[in-house]
Structures are given as structure tokens and as C-alpha cells.
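Structure file start21.csv with CSV, C-alpha atoms and all ligand atoms:
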chain,number,residue,atom,x,y,z
A,1,MET,CA,49.4,63.1,11.7
A,2,SER,CA,47.9,66.5,10.7
A,3,ARG,CA,50.9,68.4,12.1
A,4,ARG,CA,53.2,66.3,10.0
A,5,LYS,CA,51.0,66.7,6.9
A,6,SER,CA,50.8,70.4,7.2
A,7,THR,CA,54.5,70.8,7.9
A,8,SER,CA,55.5,68.6,5.0
A,9,SER,CA,53.0,70.3,2.6
A,10,VAL,CA,54.4,73.7,3.6
A,11,LEU,CA,57.9,72.4,3.0
A,12,VAL,CA,56.9,70.9,-0.3
A,13,SER,CA,55.3,74.2,-1.4
A,14,LEU,CA,58.3,76.2,-0.3
A,15,ALA,CA,60.7,73.8,-2.0
A,16,ALA,CA,58.6,73.8,-5.2
A,17,GLY,CA,58.4,77.6,-5.1
A,18,LEU,CA,62.2,77.9,-4.7
A,19,LEU,CA,62.8,75.5,-7.5
A,20,VAL,CA,60.4,77.3,-9.9
A,21,LEU,CA,62.2,80.5,-9.1
A,22,ALA,CA,65.6,79.0,-9.3
A,23,SER,CA,65.8,76.9,-12.4
A,24,PRO,CA,64.0,75.1,-15.1
A,25,ILE,CA,64.6,71.7,-13.4
A,26,ALA,CA,61.4,72.4,-11.4
A,27,ALA,CA,59.6,70.1,-13.7
A,28,CYS,CA,61.9,67.2,-12.5
A,29,ALA,CA,61.2,67.7,-8.8
A,30,ALA,CA,59.6,64.6,-7.2
A,31,GLU,CA,55.9,64.7,-6.6
A,32,ILE,CA,56.1,62.5,-3.5
A,33,ASN,CA,58.7,62.9,-0.8
A,34,LEU,CA,59.1,60.1,1.7
A,35,THR,CA,61.2,60.0,4.9
A,36,TYR,CA,62.8,56.7,5.9
A,37,ALA,CA,64.4,56.1,9.3
A,38,PHE,CA,66.8,53.3,10.4
A,39,PHE,CA,68.4,52.9,13.9
A,40,ALA,CA,71.9,51.8,12.8
A,41,PRO,CA,74.6,53.2,10.5
A,42,ALA,CA,74.3,53.5,6.8
A,43,ASN,CA,77.3,51.2,6.2
A,44,THR,CA,75.6,48.2,7.8
A,45,PHE,CA,73.8,45.6,5.6
A,46,PRO,CA,70.3,46.8,6.6
A,47,GLY,CA,71.5,50.4,5.8
A,48,LYS,CA,72.6,49.2,2.3
A,49,GLN,CA,69.2,47.6,1.8
A,50,MET,CA,67.5,50.8,2.7
A,51,ALA,CA,69.6,52.8,0.2
A,52,TYR,CA,69.1,50.3,-2.6
A,53,TRP,CA,65.4,50.3,-2.0
A,54,ALA,CA,65.2,54.1,-2.1
A,55,GLU,CA,67.3,54.3,-5.3
A,56,GLN,CA,65.2,51.7,-7.0
A,57,LEU,CA,61.9,53.3,-6.0
A,58,THR,CA,63.0,56.6,-7.5
A,59,LYS,CA,64.3,54.9,-10.6
A,60,ARG,CA,61.2,52.7,-11.2
A,61,THR,CA,58.8,55.6,-10.7
A,62,ASN,CA,60.8,57.7,-13.1
A,63,GLY,CA,61.6,60.3,-10.4
A,64,LYS,CA,58.0,60.6,-9.2
A,65,VAL,CA,59.0,59.5,-5.7
A,66,SER,CA,62.1,60.7,-3.8
A,67,VAL,CA,63.2,59.2,-0.5
A,68,LYS,CA,65.2,61.0,2.2
A,69,LEU,CA,67.2,58.6,4.3
A,70,PHE,CA,67.8,59.0,8.0
A,71,PRO,CA,70.1,56.1,9.1
A,72,GLY,CA,72.2,56.0,12.3
A,73,GLY,CA,69.2,56.8,14.6
A,74,THR,CA,69.1,60.4,13.5
A,75,LEU,CA,65.3,60.4,13.3
A,76,LEU,CA,64.3,57.3,15.2
A,77,GLY,CA,66.2,54.8,17.4
A,78,ALA,CA,65.7,51.0,17.7
A,79,ARG,CA,63.4,51.3,20.7
A,80,ASP,CA,61.0,53.9,19.2
A,81,MET,CA,61.0,52.9,15.5
A,82,TYR,CA,57.5,51.4,15.2
A,83,ASP,CA,55.8,53.9,17.5
A,84,GLY,CA,57.6,56.7,15.6
A,85,VAL,CA,56.2,55.5,12.3
A,86,SER,CA,52.7,55.3,13.8
A,87,ASN,CA,53.0,58.8,15.1
A,88,GLY,CA,54.2,60.2,11.8
A,89,VAL,CA,57.8,61.1,12.8
A,90,ALA,CA,59.0,59.2,9.7
A,91,ASP,CA,57.0,57.9,6.8
A,92,ILE,CA,58.9,54.6,6.8
A,93,GLY,CA,60.9,52.9,9.6
A,94,LEU,CA,63.3,50.0,9.4
A,95,GLY,CA,63.2,48.2,12.8
A,96,SER,CA,63.9,44.8,14.2
A,97,PRO,CA,60.8,42.8,15.4
A,98,SER,CA,63.3,40.6,17.2
A,99,TYR,CA,64.0,43.4,19.6
A,100,ASP,CA,60.4,43.3,20.8
A,101,PRO,CA,59.0,39.8,20.6
A,102,GLY,CA,56.0,40.8,22.8
A,103,ARG,CA,54.9,43.2,20.1
A,104,PHE,CA,55.6,40.8,17.3
A,105,PRO,CA,54.8,37.4,18.8
A,106,LEU,CA,54.2,35.4,15.6
A,107,THR,CA,57.3,36.8,13.9
A,108,SER,CA,59.3,35.7,16.9
A,109,GLY,CA,58.8,32.1,15.6
A,110,VAL,CA,61.3,32.8,12.8
A,111,SER,CA,63.9,33.4,15.5
A,112,LEU,CA,63.6,30.0,17.1
A,113,PRO,CA,66.5,27.6,16.7
A,114,VAL,CA,65.1,25.8,13.7
A,115,GLY,CA,68.2,25.5,11.7
A,116,PHE,CA,68.1,28.1,8.9
A,117,PRO,CA,71.2,27.6,6.8
A,118,ASN,CA,71.6,31.3,5.9
A,119,ALA,CA,69.9,34.7,5.7
A,120,THR,CA,68.6,34.2,2.2
A,121,VAL,CA,66.5,31.2,3.2
A,122,ALA,CA,65.4,32.7,6.5
A,123,SER,CA,64.5,36.0,4.8
A,124,ARG,CA,62.4,34.4,2.1
A,125,THR,CA,60.7,32.2,4.7
A,126,LEU,CA,59.8,35.3,6.8
A,127,TRP,CA,58.4,37.1,3.9
A,128,GLN,CA,56.3,34.2,2.6
A,129,LEU,CA,54.9,33.5,6.1
A,130,THR,CA,53.9,37.1,6.5
A,131,GLN,CA,52.1,37.0,3.1
A,132,GLU,CA,50.3,33.8,4.1
A,133,PHE,CA,49.4,34.5,7.7
A,134,HIS,CA,48.9,38.3,7.7
A,135,PRO,CA,50.0,38.5,11.4
A,136,LYS,CA,47.8,40.9,13.4
A,137,GLU,CA,51.0,42.5,14.8
A,138,TYR,CA,51.4,44.4,11.5
A,139,GLU,CA,47.7,45.4,11.2
A,140,ASN,CA,48.3,49.2,11.3
A,141,PHE,CA,51.3,49.0,9.0
A,142,LYS,CA,52.1,48.3,5.4
A,143,VAL,CA,55.2,46.1,5.4
A,144,ILE,CA,57.4,47.2,2.6
A,145,ALA,CA,60.5,45.0,3.1
A,146,MET,CA,61.5,42.1,5.3
A,147,PHE,CA,64.7,40.2,5.8
A,148,THR,CA,66.9,38.6,8.4
A,149,THR,CA,70.5,38.2,9.5
A,150,GLU,CA,72.3,34.9,9.1
A,151,PRO,CA,71.9,32.7,12.2
A,152,GLY,CA,73.8,34.3,15.1
A,153,TYR,CA,77.1,33.0,16.4
A,154,ILE,CA,78.7,33.6,19.8
A,155,MET,CA,81.6,36.1,19.5
A,156,SER,CA,83.5,36.5,22.7
A,157,HIS,CA,86.6,37.9,24.5
A,158,THR,CA,87.6,34.5,25.7
A,159,ALA,CA,87.2,31.2,23.8
A,160,VAL,CA,84.0,29.2,24.2
A,161,HIS,CA,84.6,25.5,23.5
A,162,SER,CA,81.9,24.1,25.8
A,163,LEU,CA,78.8,24.8,27.9
A,164,ALA,CA,81.2,25.0,30.9
A,165,ASP,CA,83.0,27.9,29.2
A,166,LEU,CA,79.7,29.6,28.6
A,167,LYS,CA,78.4,29.3,32.1
A,168,GLY,CA,77.5,32.7,33.5
A,169,MET,CA,79.2,34.5,30.7
A,170,LYS,CA,77.6,38.0,30.1
A,171,LEU,CA,76.6,37.9,26.4
A,172,ARG,CA,74.4,40.2,24.6
A,173,ALA,CA,71.6,39.1,22.2
A,174,ALA,CA,68.7,40.7,20.5
A,175,GLY,CA,65.4,40.0,22.3
A,176,THR,CA,64.6,36.7,20.8
A,177,GLY,CA,68.2,35.4,21.3
A,178,VAL,CA,68.0,35.9,25.0
A,179,PRO,CA,66.1,32.6,25.8
A,180,VAL,CA,68.7,30.8,23.6
A,181,LEU,CA,71.6,32.1,25.6
A,182,LYS,CA,69.7,31.3,28.8
A,183,ALA,CA,69.1,27.7,27.7
A,184,LEU,CA,72.9,27.4,27.0
A,185,GLY,CA,73.6,28.6,30.6
A,186,ALA,CA,75.1,32.1,29.7
A,187,ALA,CA,73.9,35.3,31.4
A,188,PRO,CA,72.1,37.1,28.6
A,189,VAL,CA,71.8,40.8,28.3
A,190,GLY,CA,69.3,42.3,25.8
A,191,MET,CA,70.3,45.5,24.0
A,192,PRO,CA,70.0,47.0,20.5
A,193,MET,CA,73.0,46.6,18.2
A,194,PRO,CA,74.2,50.2,18.3
A,195,GLU,CA,74.8,50.0,22.0
A,196,VAL,CA,77.0,46.9,21.7
A,197,PRO,CA,80.5,48.4,20.8
A,198,GLN,CA,80.6,50.5,24.0
A,199,ALA,CA,79.3,47.7,26.2
A,200,VAL,CA,82.1,45.5,24.8
A,201,GLN,CA,84.7,48.2,25.4
A,202,THR,CA,83.6,48.9,28.9
A,203,GLY,CA,83.3,45.2,29.9
A,204,VAL,CA,79.6,45.4,30.6
A,205,ILE,CA,79.4,42.3,28.3
A,206,ASN,CA,81.9,39.6,27.4
A,207,GLY,CA,80.6,39.2,24.0
A,208,THR,CA,77.6,39.1,21.8
A,209,MET,CA,75.6,36.5,19.8
A,210,THR,CA,74.6,37.8,16.4
A,211,SER,CA,75.5,37.7,12.7
A,212,ARG,CA,79.2,37.8,12.1
A,213,GLU,CA,79.5,40.8,9.8
A,214,VAL,CA,79.3,43.0,13.0
A,215,LEU,CA,83.0,42.0,13.6
A,216,LYS,CA,83.8,44.5,10.8
A,217,ASP,CA,80.8,46.7,10.5
A,218,PHE,CA,80.9,47.6,14.2
A,219,ASN,CA,84.6,47.0,14.6
A,220,LEU,CA,84.0,44.3,17.3
A,221,ALA,CA,86.9,42.2,16.1
A,222,GLU,CA,89.2,44.6,17.9
A,223,SER,CA,88.1,43.1,21.2
A,224,LEU,CA,86.1,40.0,20.3
A,225,LYS,CA,88.7,37.5,19.0
A,226,PHE,CA,86.7,34.3,19.1
A,227,VAL,CA,83.8,32.9,17.2
A,228,THR,CA,82.2,29.6,18.2
A,229,ASP,CA,81.2,27.8,15.1
A,230,TYR,CA,77.6,27.0,16.2
A,231,PRO,CA,74.8,28.8,14.2
A,232,THR,CA,71.9,29.7,16.5
A,233,VAL,CA,69.0,32.0,15.6
A,234,VAL,CA,68.3,34.8,13.0
A,235,VAL,CA,67.3,38.4,13.8
A,236,THR,CA,64.4,39.7,11.8
A,237,PHE,CA,64.0,43.1,10.2
A,238,ALA,CA,60.8,44.7,8.9
A,239,ALA,CA,60.5,48.1,7.2
A,240,VAL,CA,57.0,49.5,7.6
A,241,MET,CA,54.9,52.4,6.6
A,242,ASP,CA,51.9,53.7,8.5
A,243,ARG,CA,48.8,52.2,6.8
A,244,LYS,CA,47.0,55.6,6.5
A,245,ARG,CA,50.1,57.0,4.8
A,246,TRP,CA,50.2,54.0,2.4
A,247,ASP,CA,46.6,54.3,1.5
A,248,LYS,CA,47.2,57.9,0.3
A,249,LEU,CA,49.9,56.8,-2.2
A,250,PRO,CA,48.8,56.5,-5.9
A,251,ALA,CA,48.2,53.0,-7.2
A,252,ASP,CA,51.2,53.1,-9.6
A,253,VAL,CA,53.6,53.9,-6.8
A,254,GLN,CA,52.0,51.2,-4.5
A,255,LYS,CA,52.6,48.7,-7.3
A,256,VAL,CA,56.3,49.5,-7.5
A,257,ILE,CA,56.7,49.3,-3.7
A,258,ASP,CA,54.9,45.9,-3.7
A,259,GLN,CA,57.2,44.7,-6.5
A,260,LEU,CA,60.3,45.8,-4.5
A,261,ALA,CA,58.9,44.2,-1.4
A,262,SER,CA,58.9,40.8,-3.1
A,263,GLU,CA,62.5,41.3,-4.2
A,264,MET,CA,64.0,42.5,-1.0
A,265,PRO,CA,64.3,39.2,1.0
A,266,THR,CA,66.5,37.6,-1.7
A,267,TRP,CA,68.4,40.8,-2.5
A,268,THR,CA,69.3,41.5,1.1
A,269,GLY,CA,69.9,37.9,2.1
A,270,GLN,CA,72.3,37.3,-0.8
A,271,TYR,CA,74.2,40.5,-0.2
A,272,HIS,CA,74.5,39.6,3.5
A,273,ASP,CA,75.4,35.9,3.0
A,274,ASN,CA,77.6,36.2,-0.1
A,275,GLN,CA,79.5,39.5,0.4
A,276,ASN,CA,79.0,41.1,3.7
A,277,VAL,CA,79.7,38.2,6.2
A,278,GLY,CA,82.4,36.6,4.1
A,279,ALA,CA,84.3,39.9,3.8
A,280,ALA,CA,84.0,40.6,7.5
A,281,LEU,CA,85.4,37.2,8.5
A,282,LYS,CA,88.3,37.5,6.1
A,283,TRP,CA,89.2,41.0,7.4
A,284,ALA,CA,88.8,39.9,11.1
A,285,LYS,CA,91.1,36.9,10.6
A,286,LYS,CA,93.7,39.0,8.8
A,287,GLU,CA,93.6,42.2,10.8
A,288,HIS,CA,92.7,40.9,14.3
A,289,ASN,CA,93.7,37.2,14.2
A,290,LEU,CA,90.1,36.1,14.7
A,291,GLN,CA,89.9,32.4,15.8
A,292,ILE,CA,87.0,30.1,14.9
A,293,ILE,CA,86.3,27.5,17.5
A,294,SER,CA,84.8,24.2,16.5
A,295,LEU,CA,82.7,22.2,18.9
A,296,THR,CA,83.3,18.5,19.3
A,297,PRO,CA,80.4,16.3,18.1
A,298,ASP,CA,79.6,15.4,21.7
A,299,GLU,CA,79.5,19.0,22.8
A,300,ARG,CA,77.4,20.0,19.8
A,301,ALA,CA,74.9,17.3,20.7
A,302,LYS,CA,74.7,18.8,24.2
A,303,TRP,CA,74.0,22.3,22.8
A,304,ASP,CA,71.4,20.9,20.4
A,305,ALA,CA,69.6,19.1,23.3
A,306,ARG,CA,69.4,22.3,25.3
A,307,LEU,CA,67.8,24.2,22.5
A,308,LYS,CA,65.5,21.4,21.2
A,309,PRO,CA,62.5,22.1,23.6
A,310,MET,CA,62.3,25.8,22.7
A,311,ALA,CA,60.1,25.4,19.6
A,312,ALA,CA,57.5,23.3,21.3
A,313,GLU,CA,57.5,25.7,24.3
A,314,TRP,CA,57.0,28.6,21.9
A,315,VAL,CA,54.0,26.8,20.3
A,316,THR,CA,52.4,26.3,23.7
A,317,GLN,CA,52.9,29.9,24.8
A,318,MET,CA,51.7,31.4,21.6
A,319,SER,CA,48.7,29.1,21.3
A,320,ALA,CA,47.7,30.2,24.7
A,321,LYS,CA,47.5,33.7,23.3
A,322,GLY,CA,45.2,32.5,20.5
A,323,LEU,CA,47.8,32.6,17.8
A,324,PRO,CA,48.1,30.0,15.0
A,325,ALA,CA,51.6,29.0,16.2
A,326,ALA,CA,51.5,25.3,15.4
A,327,ARG,CA,50.5,26.0,11.8
A,328,TYR,CA,53.0,28.9,11.5
A,329,LEU,CA,55.9,26.7,12.6
A,330,ALA,CA,54.9,23.8,10.5
A,331,ARG,CA,54.7,26.0,7.4
A,332,LEU,CA,58.0,27.6,8.4
A,333,ARG,CA,59.7,24.2,8.3
A,334,GLU,CA,58.2,23.4,4.9
A,335,LEU,CA,59.4,26.8,3.5
A,336,ARG,CA,62.8,26.4,5.0
A,337,HIS,CA,63.2,23.1,3.4
A,338,GLN,CA,61.8,24.2,0.0
A,339,PHE,CA,64.0,27.4,-0.2
A,340,SER,CA,67.1,25.5,1.0
A,341,LYS,CA,66.9,23.4,-2.1
A,342,GLU,CA,66.5,26.3,-4.6
B,1,LIG,N1,72.2,40.9,14.7
B,1,LIG,C1,71.1,41.8,15.2
B,1,LIG,C2,70.9,42.7,14.2
B,1,LIG,C3,72.0,43.2,13.4
B,1,LIG,C4,73.0,42.5,12.8
B,1,LIG,N2,73.7,43.3,12.1
B,1,LIG,C5,73.2,44.5,12.2
B,1,LIG,C6,73.5,45.7,11.7
B,1,LIG,C7,72.8,46.8,12.0
B,1,LIG,C8,71.7,46.8,12.8
B,1,LIG,C9,71.4,45.6,13.4
B,1,LIG,C10,72.1,44.5,13.1
B,1,LIG,C11,71.4,42.3,16.5
B,1,LIG,O1,72.1,41.5,17.1
B,1,LIG,O2,71.0,43.3,16.9

Any chance you could give the structure as C-alpha cells?
Ligand code: DTR
Amino acid sequence: MSRRKSTSSVLVSLAAGLLVLASPIAACAAEINLTYAFFAPANTFPGKQMAYWAEQLTKRTNGKVSVKLFPGGTLLGARDMYDGVSNGVADIGLGSPSYDPGRFPLTSGVSLPVGFPNATVASRTLWQLTQEFHPKEYENFKVIAMFTTEPGYIMSHTAVHSLADLKGMKLRAAGTGVPVLKALGAAPVGMPMPEVPQAVQTGVINGTMTSREVLKDFNLAESLKFVTDYPTVVVTFAAVMDRKRWDKLPADVQKVIDQLASEMPTWTGQYHDNQNVGAALKWAKKEHNLQIISLTPDERAKWDARLKPMAAEWVTQMSAKGLPAARYLARLRELRHQFSKE
């Protein structure tokens, strides 16, 4: 903490000094400089969210705050994002709680197979639940943005029409998707998204289960030519700031960040659902002859039956840890229903 503070204040003084010497625009230099890390590339939808948030913060504070973005894992990777923020490596970090369900147990409920229709509804539900339940897993953080992917789909080298086709198939999922793939009889491998393209190329995995924009944004359609039309579970994202850093921000800046936080689930969900995923599917069909596989009603019913027990099992496991899992899940279903109608 103190090392970061002293380094950044030296840098700020140096920069301010240089600007004063250099030109009259010194008066316009930001008073507050924040660093913001993300583990995947800037062109992905969470990267777009990050850039939009930073731009809006500067605009709405009339230039008082400036944000330096570090996408692509240049400052922190997927595995060390949350510890990195706690340790002051970055002021803000955008990570995926889904990658570490042990650390974010209550949030993992949002990634159960509960039938979210899209990312917008799931993102708004995640945010509202976090506001209402204040999960202990975020106690040392200030959450500044939350959103999710659309429900994940199986994308594979070979066509998956049935549980028989899936049996033993090495498919990658984010942490919370692993038990879903296991229940469907595949051989799940957990790994962060940026590692997937190489694992697909080298045949370490036969495919992945995640939101479908990755076909384009990570160029996976080059090798994964089949999508099975069966929506499974969403992946959650949370951008956080260390609480002590947050407490030092002036009230007017905190107000703008809170206002942005309430807008980000809808902004990101709509961008992902309405532009990002659709464009990727269109491109993958045209450029790589992507095939969408429909399940027969009988087959679909079998998949549903395999996944049905997961929610009740989650409640049992989380309740044993003393978490209000039953109330959380009941409220999740209410919110999903309510937001689906809006
Ligand atoms: N689907 C999650 C997360 C994910 C989806 N698109 C992106 C883009 C950038 C980073 C992560 C993700 C996953 O499977 O990891």
C-alpha cells in the first residue's frame, strides 16, 4: 500500500511538474489518476465495458479523474486479479468470480443452470442480488461494476447432438461451468479464457462452453465449427476497487462511480446480447461455415434432467457454510422473472 502510494505520488508530482513547465494545459491535468487492470484483450466485451466506464468517469467528473487502462493481462492476469487489487498493484481490477467459486461462493449461485434468457437479465439480477445481500466475499472491496456473459453454449470440433456424443469429450469451462459439464458426462477442464485459443489449437481440449462471441473475439470459429443450441450457465464479472482506496476518494467522485455502477449491468448486457454475440455468429457462419445443432425434444429433456438437481445441491452445500443460499436463490428466481418481463 504505502509503496504504491509513495510511488504514485512521486509520479503525480513529477508529471504535474513537467506539465507546469511544458504548457498552460497544466490546469486541465486530472487530480486523481486510477489504474484499471483486466485479464483479457481490449476488443472483448468486458474490455469494451472497461473503456466505456473509464471514458464516462472522466467525462462526468469534468476531467477530475483520469483512468489508465491495462487490458490483456498486462498488469494482472485472471488468476491474480483480486489479490492484485488488494495488494495495490492496480487500483481497480476486472475479474471473473466464476473462475474462483470457492472465493465467491454466494455469487456462484448466479452461474447455476437456472434458465437466464440473456446477459442483460442475468447481469441485472447479479447486481441487484449483490446490493440486497452484501455478500461477505466482497467485504474488502468496493464493487464498481458487475455483469455476466449470456448463458454458455457448447462449441466443439465435432458435432454434439446427444449425451452420447458428449461422453468423455474434453471441454473447457470457467470454474462454475465445470460441474455442469460433469453432469452432462463430458470431461471438463477449467482454465481462464485467454488460455483457450492455444488449448484448442493444440488439441488439449475439443471445445469450450461459454458465451458465443468468443467464436469471433478469440477467433475460435477457425477450429470450432459446431455450436449446440442448448443454453447453460452464465459467467460472472465483477470490477472491484480496494476498500481503503475507495474510502480516500472524494464524495463527488464516489457518487459518479456509484451512478455508473448502477448503469453497467444493463449497458454491458445489452451490448453483449444485441451487438457482440449476434455479430460473432453471423461472421462465424459466413467465414467459417459454423453449424448450429438443435437437440431433439427428447434429448433436451434428458439434458434438463441431468442439470435439475444442481440448484438444490448448491443450496445444501452453501447452507452448510452458513450462507443464506436458499433466500439468495429464491430472490434470484424472482428477479430473473421480473427482469425478463421488462
Ligand atoms: N465466458 C467466460 C468469460 C468470457 C466470455 N467472453 C470473454 C471475453 C473476455 C474474457 C472472458 C470472457 C469464460 O468462459 O471464461

Please report as JSON lines every residue of chain A lying within 7 Å of ligand LIG 1 (chain B), along with the nearest atom pair and their distance in Å (one decimal), using all atoms listed in the file.
{"residue": "A:Ala40", "atom": "CA", "partner": "B:LIG1", "partner_atom": "C8", "distance": 5.0}
{"residue": "A:Pro41", "atom": "CA", "partner": "B:LIG1", "partner_atom": "C7", "distance": 6.8}
{"residue": "A:Thr44", "atom": "CA", "partner": "B:LIG1", "partner_atom": "C6", "distance": 5.1}
{"residue": "A:Phe45", "atom": "CA", "partner": "B:LIG1", "partner_atom": "C6", "distance": 6.1}
{"residue": "A:Pro46", "atom": "CA", "partner": "B:LIG1", "partner_atom": "C7", "distance": 6.0}
{"residue": "A:Thr149", "atom": "CA", "partner": "B:LIG1", "partner_atom": "C4", "distance": 6.0}
{"residue": "A:Gly152", "atom": "CA", "partner": "B:LIG1", "partner_atom": "N1", "distance": 6.8}
{"residue": "A:Ala173", "atom": "CA", "partner": "B:LIG1", "partner_atom": "O1", "distance": 5.7}
{"residue": "A:Ala174", "atom": "CA", "partner": "B:LIG1", "partner_atom": "O1", "distance": 4.9}
{"residue": "A:Pro192", "atom": "CA", "partner": "B:LIG1", "partner_atom": "O2", "distance": 5.3}
{"residue": "A:Met193", "atom": "CA", "partner": "B:LIG1", "partner_atom": "O2", "distance": 4.1}
{"residue": "A:Pro194", "atom": "CA", "partner": "B:LIG1", "partner_atom": "C8", "distance": 6.9}
{"residue": "A:Met209", "atom": "CA", "partner": "B:LIG1", "partner_atom": "O1", "distance": 6.7}
{"residue": "A:Thr210", "atom": "CA", "partner": "B:LIG1", "partner_atom": "N1", "distance": 4.3}
{"residue": "A:Ser211", "atom": "CA", "partner": "B:LIG1", "partner_atom": "N1", "distance": 5.0}
{"residue": "A:Glu213", "atom": "CA", "partner": "B:LIG1", "partner_atom": "N2", "distance": 6.7}
{"residue": "A:Val214", "atom": "CA", "partner": "B:LIG1", "partner_atom": "N2", "distance": 5.7}
{"residue": "A:Val235", "atom": "CA", "partner": "B:LIG1", "partner_atom": "C1", "distance": 5.3}

Subject >> Closest of A:Leu260, A:Ala312, A:Leu335, A:Val204 to A:Ala239 - atom-to-atom distances counting all atoms listed in the file >> reply: A:Leu260

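In this model, the gap between atom CA of A:Phe141 and atom CA of A:Trp127 comes to 14.8 Å.
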
Original post:
Quick one: distance from atom CA of A:Leu126 to atom CA of A:Tyr271 in Å, one decimal?
Top reply: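 Atom-to-atom, atom CA of A:Leu126 and atom CA of A:Tyr271 are spaced 16.8 Å apart.
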
**OP:** Pick out the residues sitting within 12 Å of A:Thr228, and hand them over as an MDAnalysis selection string; count only C-alpha atoms, and ignore anything fewer than 5 positions along from it in its own chain.
**Re:** chainID A and resid 152:163 165:166 207:212 290:296 299:300 303

Would you put the residues from that selection into a file with C-alpha atoms, as a JSON list (two decimals), in the coordinates of the input?
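And here's again.json as it stands now:
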[["chain", "number", "residue", "atom", "x", "y", "z"],
["A", 152, "GLY", "CA", 73.80, 34.30, 15.10],
["A", 153, "TYR", "CA", 77.10, 33.00, 16.40],
["A", 154, "ILE", "CA", 78.70, 33.60, 19.80],
["A", 155, "MET", "CA", 81.60, 36.10, 19.50],
["A", 156, "SER", "CA", 83.50, 36.50, 22.70],
["A", 157, "HIS", "CA", 86.60, 37.90, 24.50],
["A", 158, "THR", "CA", 87.60, 34.50, 25.70],
["A", 159, "ALA", "CA", 87.20, 31.20, 23.80],
["A", 160, "VAL", "CA", 84.00, 29.20, 24.20],
["A", 161, "HIS", "CA", 84.60, 25.50, 23.50],
["A", 162, "SER", "CA", 81.90, 24.10, 25.80],
["A", 163, "LEU", "CA", 78.80, 24.80, 27.90],
["A", 165, "ASP", "CA", 83.00, 27.90, 29.20],
["A", 166, "LEU", "CA", 79.70, 29.60, 28.60],
["A", 207, "GLY", "CA", 80.60, 39.20, 24.00],
["A", 208, "THR", "CA", 77.60, 39.10, 21.80],
["A", 209, "MET", "CA", 75.60, 36.50, 19.80],
["A", 210, "THR", "CA", 74.60, 37.80, 16.40],
["A", 211, "SER", "CA", 75.50, 37.70, 12.70],
["A", 212, "ARG", "CA", 79.20, 37.80, 12.10],
["A", 290, "LEU", "CA", 90.10, 36.10, 14.70],
["A", 291, "GLN", "CA", 89.90, 32.40, 15.80],
["A", 292, "ILE", "CA", 87.00, 30.10, 14.90],
["A", 293, "ILE", "CA", 86.30, 27.50, 17.50],
["A", 294, "SER", "CA", 84.80, 24.20, 16.50],
["A", 295, "LEU", "CA", 82.70, 22.20, 18.90],
["A", 296, "THR", "CA", 83.30, 18.50, 19.30],
["A", 299, "GLU", "CA", 79.50, 19.00, 22.80],
["A", 300, "ARG", "CA", 77.40, 20.00, 19.80],
["A", 303, "TRP", "CA", 74.00, 22.30, 22.80]]

Sort by chain and increasing residue number a table of all residues of stretch 81-154 of chain A within 10 Å of stretch 48-65 of chain A, each with its closest pair of atoms and their distance in Å to one decimal, counting all atoms listed in the file, and write it as JSON lines.
{"residue": "A:Gly93", "atom": "CA", "partner": "A:Met50", "partner_atom": "CA", "distance": 9.8}
{"residue": "A:Leu94", "atom": "CA", "partner": "A:Met50", "partner_atom": "CA", "distance": 7.9}
{"residue": "A:Ile144", "atom": "CA", "partner": "A:Trp53", "partner_atom": "CA", "distance": 9.7}
{"residue": "A:Ala145", "atom": "CA", "partner": "A:Trp53", "partner_atom": "CA", "distance": 8.8}
{"residue": "A:Phe147", "atom": "CA", "partner": "A:Gln49", "partner_atom": "CA", "distance": 9.5}

Selection to disk with C-alpha atoms, as a JSON list (two decimals), in the coordinates of the input:
[["chain", "number", "residue", "atom", "x", "y", "z"],
["A", 93, "GLY", "CA", 60.90, 52.90, 9.60],
["A", 94, "LEU", "CA", 63.30, 50.00, 9.40],
["A", 144, "ILE", "CA", 57.40, 47.20, 2.60],
["A", 145, "ALA", "CA", 60.50, 45.00, 3.10],
["A", 147, "PHE", "CA", 64.70, 40.20, 5.80]]

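Atom CA of A:His288 lies 6.2 Å from atom CA of A:Glu222.
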
Subject >> Minimum-distance residue to A:Asn219, chosen among A:Tyr36, A:Trp283, A:Phe133, A:Phe70 (using all atoms listed in the file) >> reply: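 Going through A:Tyr36, A:Trp283, A:Phe133, A:Phe70 one by one, the smallest distance to A:Asn219 is for A:Trp283.
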